[in-house]
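**Student:** I am attaching a structure below and will ask some questions about it afterwards.
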Amino acid sequence: MAQPEYTLPAEWEPQDGVMLTWPNPDTDWRPYIDEITSTYLTLSKVIAARERLVIAAKDAAYVKTLLSDSLTEAEVARVTVVACDINDTWARDHGPIILRSGKDGSLKLLDFRFNGWGEKFSWQKDNAITSALHGKGLFSAALESHDDFVLEGGSIESDGKGTVFTTAQCLLAPRRNQPLSEAEIGERLKGDLGADRVVWLRHGNLVGDDTDGHIDTIVRICPDDTLLYVGCDDEADEQYADFKALETELQALTTVEGKPYRLLKLPMPDEMVFDGERLPATYANFLVINGAVIVPVYGQREKDEQAKALVAEAFPGREIVAVDASVIVRQHGSIHCLTMQLPKGLIKNNL
């Protein structure tokens, strides 16, 4: 089969940097803005020590001051802060999706429609962030608008070889892309993302997940046909049956070569509750950056250590950096949800 010119890279391929959208008191982070700001500063330092960082922020001057007080001079030099009006901070879902050409290595920046996970929350400002950043001249790639199709970065995973994973519960959820059928959405993904295969998963919904089941909360594609996935071994957990069904699905999957995937099972964090709601805590929501993997932890020592060891097994040679995501998950996401990797060659050198 002829390979398409542009395909969606794997996350572990070389990066220029990472995008963040900074919290402010006008967002849902207001009740614990100091705590989440501290978490963002920790994330910024980990990322900027290794690669560049692009930040969309309502108050760019304030964020620059925060960073200059917390980062080294060399780290600050790798950060670009752009003033943008925002609704929320989930860059994974309103940020750009980047394709790379297999012919010449050039990049294409796709701007899909973000609508607040099926119009659950305000979204219009966030939907404009990618085009606003592109309009500032930050990126070397041309922008291609796909505003007729709702697609969140957290809903897709790529192996960089033409296979894209997603979940039926998310992409077929209300107020996304109706009346398109599963087959029609699959063809759209193939065409837009340069994929030759879409793998649909149908189980593994975390209680408290606002996204209708993003793939990046339950199953992550790793090098060498490895899948890191969330398991649940506690029969008393309300999620037990659904995650056992997910495990069965994964065990039946094969690669394009017809081989089974190497499966590594991440633990299910102990139940976390905030304001009377169970939170969708997950170790699958890690971020791969140059030379390292940032793994969310939740103050559960035994399970935190187990998760870090499994991620290290899936990504040999990379440093494992743990970042406490206990505050992030109060808003029903984690580290991968807050971030979007920017492939090598995307950020202009003069920034």
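Residues are named by chain letter and number: chains run A, B, ... in the order of the structure tokens, numbers start at 1 in each chain, and ligands are numbered from 1 in the order shown.
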Within 9 Å of stretch 329-342 of chain A, counting only C-alpha atoms, which residues qualify if same-chain residues fewer than 6 places away don't, as a ChimeraX atom specification?

**Tutor:** /A:11,14-21,28-29,43,89-93,95-98,153-154,208-211,216-217,273-275,279-289,294-296,323

**Student:** Could you name the residues that touch stretch 197-202 of chain A at 8 Å or less, counting only C-alpha atoms, but leaving out those on the same chain fewer than 5 positions away, as a short mmCIF file (atom, residue, chain, number, x, y, z; two decimals) with N, CA, C and O atoms, in the first residue's frame?

**Tutor:**
```
data_model
loop_
_atom_site.label_atom_id
_atom_site.label_comp_id
_atom_site.auth_asym_id
_atom_site.auth_seq_id
_atom_site.Cartn_x
_atom_site.Cartn_y
_atom_site.Cartn_z
N GLY A 162 1.13 4.65 10.88
CA GLY A 162 -0.11 4.55 10.13
C GLY A 162 -1.29 3.98 10.88
O GLY A 162 -2.39 3.88 10.34
N THR A 163 -1.10 3.63 12.17
CA THR A 163 -2.21 3.14 12.99
C THR A 163 -2.59 4.20 14.02
O THR A 163 -1.74 4.72 14.73
N VAL A 164 -3.88 4.50 14.07
CA VAL A 164 -4.42 5.44 15.05
C VAL A 164 -5.42 4.70 15.93
O VAL A 164 -6.28 3.97 15.43
N PHE A 165 -5.29 4.86 17.25
CA PHE A 165 -6.23 4.30 18.21
C PHE A 165 -7.21 5.40 18.64
O PHE A 165 -6.82 6.56 18.80
N THR A 166 -8.46 5.02 18.88
CA THR A 166 -9.44 5.94 19.43
C THR A 166 -10.49 5.12 20.18
O THR A 166 -10.40 3.90 20.26
N THR A 167 -11.49 5.80 20.75
CA THR A 167 -12.56 5.10 21.46
C THR A 167 -13.91 5.45 20.86
O THR A 167 -14.19 6.61 20.54
N ALA A 168 -14.74 4.44 20.72
CA ALA A 168 -16.08 4.66 20.18
C ALA A 168 -16.91 5.53 21.12
O ALA A 168 -17.69 6.38 20.66
N GLN A 169 -16.72 5.35 22.43
CA GLN A 169 -17.54 6.10 23.38
C GLN A 169 -17.30 7.60 23.28
O GLN A 169 -18.20 8.40 23.55
N GLY A 186 -14.31 7.06 10.83
CA GLY A 186 -13.06 6.35 10.60
C GLY A 186 -12.39 6.76 9.30
O GLY A 186 -11.16 6.96 9.25
N LEU A 189 -10.87 10.19 9.76
CA LEU A 189 -9.61 10.12 10.48
C LEU A 189 -8.47 9.66 9.58
O LEU A 189 -7.37 10.22 9.61
N LYS A 190 -8.73 8.65 8.77
CA LYS A 190 -7.71 8.16 7.85
C LYS A 190 -7.27 9.26 6.90
O LYS A 190 -6.08 9.49 6.67
N LEU A 246 -12.01 -4.07 28.68
CA LEU A 246 -10.95 -3.38 27.92
C LEU A 246 -9.74 -4.29 27.77
O LEU A 246 -9.16 -4.40 26.68
N GLU A 249 -10.29 -6.80 25.15
CA GLU A 249 -10.17 -6.18 23.83
C GLU A 249 -8.71 -6.08 23.39
O GLU A 249 -8.35 -6.40 22.25
#
```

**Student:** Neighbouring residues of A:Leu151 were defined as those with any atom within 8 Å, considering only C-alpha atoms; residues of the same chain fewer than 6 positions away were excluded. Please report them as a CSV table (one decimal) with N, CA and C atoms, in the first residue's frame.

**Tutor:**
```
chain,number,residue,atom,x,y,z
A,93,ASP,N,-6.5,19.3,23.9
A,93,ASP,CA,-7.8,19.2,23.2
A,93,ASP,C,-8.0,20.4,22.3
A,112,PHE,N,-8.4,21.5,14.2
A,112,PHE,CA,-9.8,20.9,14.2
A,112,PHE,C,-10.7,21.7,15.1
A,113,ARG,N,-11.9,21.5,15.0
A,113,ARG,CA,-12.9,22.2,15.9
A,113,ARG,C,-12.9,21.6,17.3
A,114,PHE,N,-12.8,22.5,18.3
A,114,PHE,CA,-12.9,22.1,19.7
A,114,PHE,C,-14.2,22.7,20.2
A,171,LEU,N,-15.7,9.3,20.3
A,171,LEU,CA,-16.0,9.9,18.9
A,171,LEU,C,-17.4,9.8,18.4
```

**Student:** Set the distance at 9 Å and use only C-alpha atoms: which residues neighbour A:Leu99 once local chain neighbours fewer than 6 positions away are removed? I'd like the list as an MDAnalysis selection string.

**Tutor:** chainID A and resid 6:9 106:110 193:194 343

**Student:** Applying 6 Å and only C-alpha atoms, which residues near A:Leu227 remain after dropping the ones on its own chain fewer than 6 positions away? List them as a PyMOL selection string.

**Tutor:** chain A and resi 220-221+263

**Student:** Take the residues just selected and output them with N, CA, C and O atoms as a CSV table (one decimal), in the first residue's frame.

**Tutor:**
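The resulting again29.csv:
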```csv
chain,number,residue,atom,x,y,z
A,220,ARG,N,-2.2,3.8,26.1
A,220,ARG,CA,-1.2,4.6,25.4
A,220,ARG,C,-0.3,3.8,24.5
A,220,ARG,O,0.2,2.7,24.9
A,221,ILE,N,0.0,4.2,23.3
A,221,ILE,CA,0.9,3.5,22.4
A,221,ILE,C,2.3,3.9,22.7
A,221,ILE,O,2.6,5.1,22.9
A,263,LEU,N,1.7,-6.0,26.1
A,263,LEU,CA,0.8,-5.3,27.0
A,263,LEU,C,1.4,-5.2,28.4
A,263,LEU,O,1.9,-6.1,28.9
```

**Student:** Which residues come within 8 Å of A:Val327, counting only C-alpha atoms, excluding same-chain residues fewer than 6 positions away, as a count of residues only?

**Tutor:** 3

**Student:** Out of stretch 81-231 of chain A, which residues get strand (DSSP E or B) from DSSP, as a PyMOL selection string?

**Tutor:** chain A and resi 81-83+97-101+107-113+139+142-150+157-158+163-167+197-201+219-222+226-230

**Student:** Please indicate the distance in Å from atom CA of A:Glu152 to atom CA of A:Ile215, rounded to one decimal place.

**Tutor:** 10.4 Å

**Student:** Determine the nearest neighbour of A:Glu5 from the options A:Gly160, A:Gly105, A:Pro223, A:Gly345, counting only C-alpha atoms.

**Tutor:**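 Using only C-alpha atoms, the shortest distance to A:Glu5 belongs to A:Gly105.
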
**Student:** Rounded to one decimal, what separation in Å do you get between atom CA of A:Val46 and atom CA of A:Gly231?

**Tutor:**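 So the answer is 28.0 Å.
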
**Student:** May I ask for the distance between atom CA of A:Asp148 and atom CA of A:Ala132, given in Å to one decimal place?

**Tutor:**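 Pair atom CA of A:Asp148 / atom CA of A:Ala132 returns 18.1 Å.
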
**Student:** Can you pull out every residue from stretch 206-305 of chain A that DSSP, working from the backbone, puts in helix (DSSP H, G or I), and format the result as a list in words?

**Tutor:**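 Residues of stretch 206-305 of chain A classed as helix (DSSP H, G or I): Ile215, Asp216, Thr217, Tyr240, Ala241, Asp242, Phe243, Lys244, Ala245, Leu246, Glu247, Thr248, Glu249, Leu250, Gln251, Ala252, Arg301, Glu302, Lys303, Asp304 and Glu305 of chain A.
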
**Student:** Can you check which parts of stretch 5-117 of chain A lie within 9 Å of stretch 135-138 of chain A? Per residue, the shortest pair of atoms and distance in Å to one decimal, counting only C-alpha atoms, sorted by chain and number, as a tab-separated table.

**Tutor:**
```
residue	atom	partner	partner_atom	distance
A:Val54	CA	A:Leu138	CA	8.8
A:Thr80	CA	A:Leu138	CA	9.0
A:Val82	CA	A:Lys136	CA	8.2
```

**Student:** Write out the residues from the selection above, keeping N, CA, C and O atoms, as a PDB file, in the first residue's frame.

**Tutor:**
```pdb
ATOM      1  N   VAL A  54       5.882  26.694  24.695  1.00  0.00           N
ATOM      2  CA  VAL A  54       5.010  27.755  24.185  1.00  0.00           C
ATOM      3  C   VAL A  54       3.795  27.829  25.089  1.00  0.00           C
ATOM      4  O   VAL A  54       3.091  26.830  25.283  1.00  0.00           O
ATOM      5  N   THR A  80       8.307  30.815  25.351  1.00  0.00           N
ATOM      6  CA  THR A  80       7.613  31.893  24.649  1.00  0.00           C
ATOM      7  C   THR A  80       6.201  31.979  25.206  1.00  0.00           C
ATOM      8  O   THR A  80       5.470  30.979  25.195  1.00  0.00           O
ATOM      9  N   VAL A  82       2.520  33.850  24.938  1.00  0.00           N
ATOM     10  CA  VAL A  82       1.689  34.604  24.001  1.00  0.00           C
ATOM     11  C   VAL A  82       0.369  34.957  24.668  1.00  0.00           C
ATOM     12  O   VAL A  82      -0.287  34.091  25.271  1.00  0.00           O
TER      13      VAL A  82
END
```

**Student:** Find the residues around A:Asp233 up to 10 Å (only C-alpha atoms counted), leave out those fewer than 4 positions away in its own chain, and share them as a ChimeraX atom specification.

**Tutor:** /A:237,239-241,243-244,267-268

**Student:** Could you save the residues just selected, with C-alpha atoms, as a tab-separated table (two decimals), in the first residue's frame?

**Tutor:**
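Saved the output as again.tsv:
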```
chain	number	residue	atom	x	y	z
A	237	ASP	CA	-14.52	-1.20	42.22
A	239	GLN	CA	-15.09	0.17	37.13
A	240	TYR	CA	-13.94	-3.46	37.41
A	241	ALA	CA	-16.11	-5.09	34.72
A	243	PHE	CA	-11.77	-2.41	32.54
A	244	LYS	CA	-11.69	-6.22	32.40
A	267	PRO	CA	-2.46	0.06	38.24
A	268	MET	CA	-5.75	1.80	38.87
```
